[in-house]
Amino acid sequence: MCGQDLEAEAPRVFGDDFPWHLGVFDVHNHIGELAPLAERIPKMRARGVAIMATRTQDQPLIAKIAESYGLKDAGQLSAADATTTVVPGFGRHPWFSHELYEDSVESPTFSPPETEDGLEEAKMAHYRAVLTPPPDDPAFVADLPTPEPLSGFISATRDRLMSHPLAIVGEVGLDRPFRLARQWEPGAKAARALAHPDRTTGGRGRRPLSRHNVGMAHQKVVLLAQLRLAGEMGRAVSVHGVQVHGVLFDLLVGCWKGHERRGKTSRRRRQQQGPGTPSAATARASSAEGKEALPYPPRICLHSFSGKAEAVRQYLNPRFPATMFFSFSKSNNMRDEAGRAKMEDALGTVPDDRVLVESDIHEAGDRMDGDLEDTYRAVCAFKGWTLEEGVGRIARNYRHFIFGEDGEEAS
């Protein structure tokens with residue numbers, strides 16, 4: 001997630017040799033951070049952009065953008081249609097997971113006080129439970145939002161997914177090194193709002209960072225709830241992971257435990273167990289539409305993937321039931337030679353039908369198109385694809401990720 005203010009850049013000059021007409025797609029960006037710039041979307045060269053939500057403040061903005069420019073059906077992605085379309089993503093980024101509390105447990109970390117007088121004490125109890133190290137500065141905690149129940153967030157997200165049948169769940173995930181911003185200095189928050197009226201509220205706002213982050217246990221609770229929702233709704237998920245490759249892998253494996261695809265050994269074991277033994281398939285619940293509601297998402301994209309080849313191979317186990325995709329961005333994977341080397345190492349193992357491209361920035365328009373073109377060119381060069389071949393492949397992968405195995409619309 002790109003959260004810093006943008007620096008002024010020279011206008012992008014586009015050549016004539018890039019095959020935009022074949023359909024270029026951005027699988028992960030944050031246009032909701034600068035929602036007023038969404039009016040640029042219809043004028044973009046990219047055929048489709050998937051916009052990720054991150055926190056409370058940007059969910060309704062992205063829904064509003066989708067109402068104006070949202071993808072209505074798979075046919076809109078055809079090469080004959082030159083209109084840029086939006087796929088909304090609704091989710092809670094790990095950087096903002098502390099703003100939720102698990103209200104289904106016997107002893108929640110936050111208990112809404114009966115009077116306003118007890119609010120700061122209740123907030124302190126919650127944030128001391130979910131932040132590491134536990135904060136002890138009342139001013140820091142007072143500046144943090146009143147926690148929301150996780151069940152309420154999941155319910156609201158379910159409603160948004162139902163209102164947008166092609167929406168995905170994102171951005172979600174885990175992040176080990178990030179830190180919360182320090183509290184606002186007196187008057188600074190209002191001053192920033194005046195100086196940057198187009199900015200969506202609730203972000204860092206250029207504040208220096210504190211020493212506190214969200215404990216991994218709490219991040220997992222929030223992520224798992226969203227993965228279960230994606231499974232229930234049959235939606236794809238865009239996943240953030242920074243310095244958590246092993247932790248994230250173990251968590252995802254746990255989601256689909258008991259639902260692994262069967263090989264010869266598994267079939268032999270089932271035959272030995274006999275017909276009276278319930279299988280994972282018969283144990284699956286059914287959704288309201290009559291389709292299987294699974295405890296894991298059917299399709300997962302590891303966005304701006306920063307792992308190496310061995311990490312890719314872990315996810316390609318043929319027994320894993322979720323289809324894994326790996327997306328790459330100029331802003332994250334091509335910052336320096338070390339990042340580009342890791343990207344190329346991973347791309348050498350990522351199957352051709354699992355590669356996606358993203359911008360992960362929040363300025364719709366030429367800068368986003370430019371970043372996409374640069375990333376497409378880099379991926380195609382390493383894969384040995386012509387630009388036409390690579391753009392066509394990634395377009396098919398985008399459709400697979402959003403719509404499913406057969407290009408069908410999500411439920």
# chains A, B, ... in the order shown; residues from 1 in each chain; ligands from 1
call {"tool": "residues_around", "arguments": {"residues": "region 387-403 of chain A", "least_positions_apart": "3", "cutoff": "8 Å", "atoms": "only C-alpha atoms", "output": "PDB file with C-alpha atoms, in the first residue's frame"}}
result
ATOM      1  CA  PHE A  18       2.744  -0.629 -26.433  1.00  0.00           C
ATOM      2  CA  PRO A  19      -0.401  -2.723 -27.171  1.00  0.00           C
ATOM      3  CA  LEU A  22      -5.307  -5.625 -26.200  1.00  0.00           C
ATOM      4  CA  GLY A  23      -6.383  -4.708 -22.673  1.00  0.00           C
ATOM      5  CA  VAL A  24      -4.037  -3.705 -19.827  1.00  0.00           C
ATOM      6  CA  PHE A  25      -5.159  -4.378 -16.262  1.00  0.00           C
ATOM      7  CA  VAL A  27      -5.074  -5.713 -10.203  1.00  0.00           C
ATOM      8  CA  ALA A  74     -17.183  -9.902 -18.164  1.00  0.00           C
ATOM      9  CA  LEU A 166     -17.896  -8.617  -9.058  1.00  0.00           C
ATOM     10  CA  ILE A 168     -13.217  -8.776  -4.386  1.00  0.00           C
ATOM     11  CA  ARG A 235     -14.761 -13.932  -3.919  1.00  0.00           C
ATOM     12  CA  ALA A 236     -11.119 -13.477  -4.806  1.00  0.00           C
ATOM     13  CA  ARG A 299      -8.576 -17.331  -5.593  1.00  0.00           C
ATOM     14  CA  ILE A 300      -5.795 -15.465  -3.809  1.00  0.00           C
ATOM     15  CA  CYS A 301      -3.405 -12.843  -5.188  1.00  0.00           C
ATOM     16  CA  PHE A 325      -1.694 -15.592  -8.249  1.00  0.00           C
ATOM     17  CA  ASP A 352       2.651 -18.043 -16.885  1.00  0.00           C
ATOM     18  CA  ASP A 353      -1.052 -18.305 -16.036  1.00  0.00           C
ATOM     19  CA  ARG A 354      -0.598 -16.945 -12.505  1.00  0.00           C
ATOM     20  CA  VAL A 355       1.208 -13.647 -13.250  1.00  0.00           C
ATOM     21  CA  LEU A 356      -0.581 -10.341 -12.623  1.00  0.00           C
ATOM     22  CA  VAL A 357       0.490  -6.694 -12.732  1.00  0.00           C
ATOM     23  CA  TYR A 376       4.405  -4.983 -18.059  1.00  0.00           C
ATOM     24  CA  ARG A 377       7.555  -4.340 -20.069  1.00  0.00           C
ATOM     25  CA  VAL A 379       7.685  -8.809 -16.764  1.00  0.00           C
ATOM     26  CA  CYS A 380       7.473  -9.517 -20.485  1.00  0.00           C
ATOM     27  CA  ASP A 406     -14.229 -20.448 -16.386  1.00  0.00           C
ATOM     28  CA  GLY A 407     -14.519 -16.664 -16.551  1.00  0.00           C
ATOM     29  CA  GLU A 408     -17.857 -16.765 -14.780  1.00  0.00           C
ATOM     30  CA  GLU A 409     -19.013 -13.926 -12.620  1.00  0.00           C
ATOM     31  CA  ALA A 410     -18.688 -14.272  -8.843  1.00  0.00           C
TER      32      ALA A 410
END
call {"tool": "residues_around", "arguments": {"residues": "Leu251 (chain A)", "least_positions_apart": "4", "cutoff": "9 Å", "atoms": "only C-alpha atoms", "output": "compact mmCIF listing (two decimals) with C-alpha atoms, in the first residue's frame"}}
result
# COMPACT_ATOMS: atom_id res chain seq x y z
CA LYS A 220 -4.37 -12.89 12.22
CA LEU A 224 -8.98 -14.86 9.11
CA GLY A 246 6.21 -18.22 6.68
CA VAL A 247 3.46 -16.94 8.99
CA CYS A 255 -7.69 -22.22 6.22
call {"tool": "closest_residue", "arguments": {"among": "A:Gly205, A:Leu229, A:Glu99, A:Arg128", "to": "Ala188 (chain A)", "atoms": "only C-alpha atoms"}}
result
A:Gly205
call {"tool": "select_by_dssp", "arguments": {"residues": "region 43-208 of chain A", "states": "strand (DSSP E)", "output": "ChimeraX atom specification"}}
result
/A:48-52,85-90,100-101,131-132,148-149,168-175
call {"tool": "write_last_selection", "arguments": {"atoms": "C-alpha atoms", "output": "tab-separated table (two decimals), in the first residue's frame"}}
result
chain	number	residue	atom	x	y	z
A	48	GLY	CA	-9.49	-2.24	-15.92
A	49	VAL	CA	-8.39	-1.13	-12.45
A	50	ALA	CA	-9.06	-2.93	-9.16
A	51	ILE	CA	-9.29	-0.42	-6.29
A	52	MET	CA	-8.48	-1.63	-2.78
A	85	THR	CA	-13.73	-0.26	-15.73
A	86	VAL	CA	-13.41	-0.57	-11.95
A	87	VAL	CA	-13.42	-3.68	-9.77
A	88	PRO	CA	-13.85	-2.59	-6.13
A	89	GLY	CA	-12.06	-4.31	-3.30
A	90	PHE	CA	-13.45	-4.09	0.23
A	100	LEU	CA	-11.31	-3.40	15.22
A	101	TYR	CA	-11.95	-5.60	18.23
A	131	LEU	CA	-0.51	-3.11	20.20
A	132	THR	CA	3.12	-4.04	20.71
A	148	GLU	CA	-15.29	-0.94	16.08
A	149	PRO	CA	-16.63	-4.50	16.50
A	168	ILE	CA	-13.22	-8.78	-4.39
A	169	VAL	CA	-11.98	-8.74	-0.79
A	170	GLY	CA	-8.95	-6.52	-0.29
A	171	GLU	CA	-6.65	-5.20	0.82
A	172	VAL	CA	-6.10	-7.66	3.65
A	173	GLY	CA	-3.03	-9.34	5.08
A	174	LEU	CA	-0.22	-9.31	7.62
A	175	ASP	CA	2.65	-6.86	8.15
call {"tool": "closest_residue", "arguments": {"among": "A:Thr200, A:Asn213, A:Trp256, A:Thr157", "to": "Met233 (chain A)", "atoms": "only C-alpha atoms"}}
result
A:Thr157
call {"tool": "atom_distance", "arguments": {"atom1": "CA of Ala293 (chain A)", "atom2": "CA of Pro108 (chain A)"}}
result
27.3 Å
call {"tool": "closest_residue", "arguments": {"among": "A:Pro147, A:Gly70, A:Pro135, A:Gly384", "to": "Phe110 (chain A)", "atoms": "only C-alpha atoms"}}
result
A:Pro147
call {"tool": "residues_around", "arguments": {"residues": "Leu37 (chain A)", "least_positions_apart": "5", "cutoff": "12 Å", "atoms": "only C-alpha atoms", "output": "list in words"}}
result
His30, Ile31, Gly32, Pro42, Lys43, Met44, Leu61, Ile65, Asp198, Arg199, Thr200, His362, Glu363, Ala364, Gly365, Asp366, Arg367 and Met368 of chain A
call {"tool": "residues_around", "arguments": {"residues": "region 327-332 of chain A", "least_positions_apart": "3", "cutoff": "8 Å", "atoms": "only C-alpha atoms", "output": "PyMOL selection string"}}
result
chain A and resi 27+301-305+335+339+343+355-361+371-372+374-375
call {"tool": "write_last_selection", "arguments": {"atoms": "N, CA and C atoms", "output": "PDB file, in the first residue's frame"}}
result
ATOM      1  N   VAL A  27      -4.350  -4.864 -11.138  1.00  0.00           N
ATOM      2  CA  VAL A  27      -5.074  -5.713 -10.203  1.00  0.00           C
ATOM      3  C   VAL A  27      -5.067  -5.187  -8.772  1.00  0.00           C
ATOM      4  N   CYS A 301      -4.536 -13.538  -4.561  1.00  0.00           N
ATOM      5  CA  CYS A 301      -3.405 -12.843  -5.188  1.00  0.00           C
ATOM      6  C   CYS A 301      -2.491 -12.303  -4.099  1.00  0.00           C
ATOM      7  N   LEU A 302      -1.236 -12.705  -4.126  1.00  0.00           N
ATOM      8  CA  LEU A 302      -0.230 -12.145  -3.222  1.00  0.00           C
ATOM      9  C   LEU A 302       0.322 -10.902  -3.917  1.00  0.00           C
ATOM     10  N   HIS A 303      -0.120  -9.745  -3.448  1.00  0.00           N
ATOM     11  CA  HIS A 303       0.143  -8.519  -4.196  1.00  0.00           C
ATOM     12  C   HIS A 303       1.541  -7.976  -3.925  1.00  0.00           C
ATOM     13  N   SER A 304       2.131  -7.372  -4.966  1.00  0.00           N
ATOM     14  CA  SER A 304       3.515  -6.889  -4.912  1.00  0.00           C
ATOM     15  C   SER A 304       4.403  -7.931  -4.235  1.00  0.00           C
ATOM     16  N   PHE A 305       4.331  -9.132  -4.745  1.00  0.00           N
ATOM     17  CA  PHE A 305       4.979 -10.279  -4.107  1.00  0.00           C
ATOM     18  C   PHE A 305       6.476 -10.041  -3.982  1.00  0.00           C
ATOM     19  N   ARG A 335      11.946  -0.865  -7.150  1.00  0.00           N
ATOM     20  CA  ARG A 335      12.514   0.353  -6.554  1.00  0.00           C
ATOM     21  C   ARG A 335      14.020   0.436  -6.747  1.00  0.00           C
ATOM     22  N   GLY A 339      15.469  -5.228  -5.418  1.00  0.00           N
ATOM     23  CA  GLY A 339      14.062  -5.562  -5.567  1.00  0.00           C
ATOM     24  C   GLY A 339      13.771  -6.192  -6.916  1.00  0.00           C
ATOM     25  N   MET A 343      12.279  -9.954  -7.809  1.00  0.00           N
ATOM     26  CA  MET A 343      11.119 -10.124  -8.681  1.00  0.00           C
ATOM     27  C   MET A 343      11.445 -11.119  -9.793  1.00  0.00           C
ATOM     28  N   VAL A 355       0.540 -14.953 -13.346  1.00  0.00           N
ATOM     29  CA  VAL A 355       1.208 -13.647 -13.250  1.00  0.00           C
ATOM     30  C   VAL A 355       0.191 -12.528 -13.417  1.00  0.00           C
ATOM     31  N   LEU A 356       0.249 -11.535 -12.516  1.00  0.00           N
ATOM     32  CA  LEU A 356      -0.581 -10.341 -12.623  1.00  0.00           C
ATOM     33  C   LEU A 356       0.291  -9.104 -12.427  1.00  0.00           C
ATOM     34  N   VAL A 357      -0.233  -7.967 -12.838  1.00  0.00           N
ATOM     35  CA  VAL A 357       0.490  -6.694 -12.732  1.00  0.00           C
ATOM     36  C   VAL A 357      -0.386  -5.684 -12.013  1.00  0.00           C
ATOM     37  N   GLU A 358       0.235  -4.837 -11.222  1.00  0.00           N
ATOM     38  CA  GLU A 358      -0.477  -3.807 -10.458  1.00  0.00           C
ATOM     39  C   GLU A 358       0.352  -2.533 -10.426  1.00  0.00           C
ATOM     40  N   SER A 359      -0.281  -1.439  -9.979  1.00  0.00           N
ATOM     41  CA  SER A 359       0.452  -0.187  -9.771  1.00  0.00           C
ATOM     42  C   SER A 359       0.716   0.058  -8.293  1.00  0.00           C
ATOM     43  N   ASP A 360      -0.255  -0.267  -7.430  1.00  0.00           N
ATOM     44  CA  ASP A 360      -0.199  -0.018  -5.985  1.00  0.00           C
ATOM     45  C   ASP A 360       0.046   1.453  -5.668  1.00  0.00           C
ATOM     46  N   ILE A 361      -0.414   2.344  -6.520  1.00  0.00           N
ATOM     47  CA  ILE A 361      -0.359   3.774  -6.218  1.00  0.00           C
ATOM     48  C   ILE A 361      -1.785   4.309  -6.220  1.00  0.00           C
ATOM     49  N   ASP A 371       3.207   3.565 -14.808  1.00  0.00           N
ATOM     50  CA  ASP A 371       3.754   2.513 -13.946  1.00  0.00           C
ATOM     51  C   ASP A 371       3.350   1.130 -14.452  1.00  0.00           C
ATOM     52  N   LEU A 372       2.110   1.019 -14.916  1.00  0.00           N
ATOM     53  CA  LEU A 372       1.664  -0.271 -15.450  1.00  0.00           C
ATOM     54  C   LEU A 372       2.477  -0.654 -16.682  1.00  0.00           C
ATOM     55  N   ASP A 374       5.498   0.242 -17.507  1.00  0.00           N
ATOM     56  CA  ASP A 374       6.870  -0.106 -17.128  1.00  0.00           C
ATOM     57  C   ASP A 374       6.938  -1.506 -16.525  1.00  0.00           C
ATOM     58  N   THR A 375       5.945  -1.849 -15.716  1.00  0.00           N
ATOM     59  CA  THR A 375       5.949  -3.172 -15.092  1.00  0.00           C
ATOM     60  C   THR A 375       5.653  -4.256 -16.116  1.00  0.00           C
TER      61      THR A 375
END
call {"tool": "select_by_dssp", "arguments": {"residues": "region 100-306 of chain A", "states": "helix (DSSP H, G or I)", "output": "MDAnalysis selection string"}}
result
chainID A and resid 116:130 138:142 150:163 188:195 216:233 245:255 264:273 280:283
call {"tool": "closest_residue", "arguments": {"among": "A:Gly91, A:Pro60, A:Gly75, A:Gly307", "to": "Leu248 (chain A)", "atoms": "only C-alpha atoms"}}
result
A:Gly307
call {"tool": "atom_distance", "arguments": {"atom1": "CA of Phe96 (chain A)", "atom2": "CA of Arg55 (chain A)"}}
result
6.1 Å
call {"tool": "closest_residue", "arguments": {"among": "A:Arg262, A:His21, A:Lys257, A:Arg228", "to": "Pro298 (chain A)", "atoms": "only C-alpha atoms"}}
result
A:Arg228
call {"tool": "closest_residue", "arguments": {"among": "A:Lys383, A:Lys342, A:Arg179, A:Arg92", "to": "Val222 (chain A)", "atoms": "only C-alpha atoms"}}
result
A:Arg92
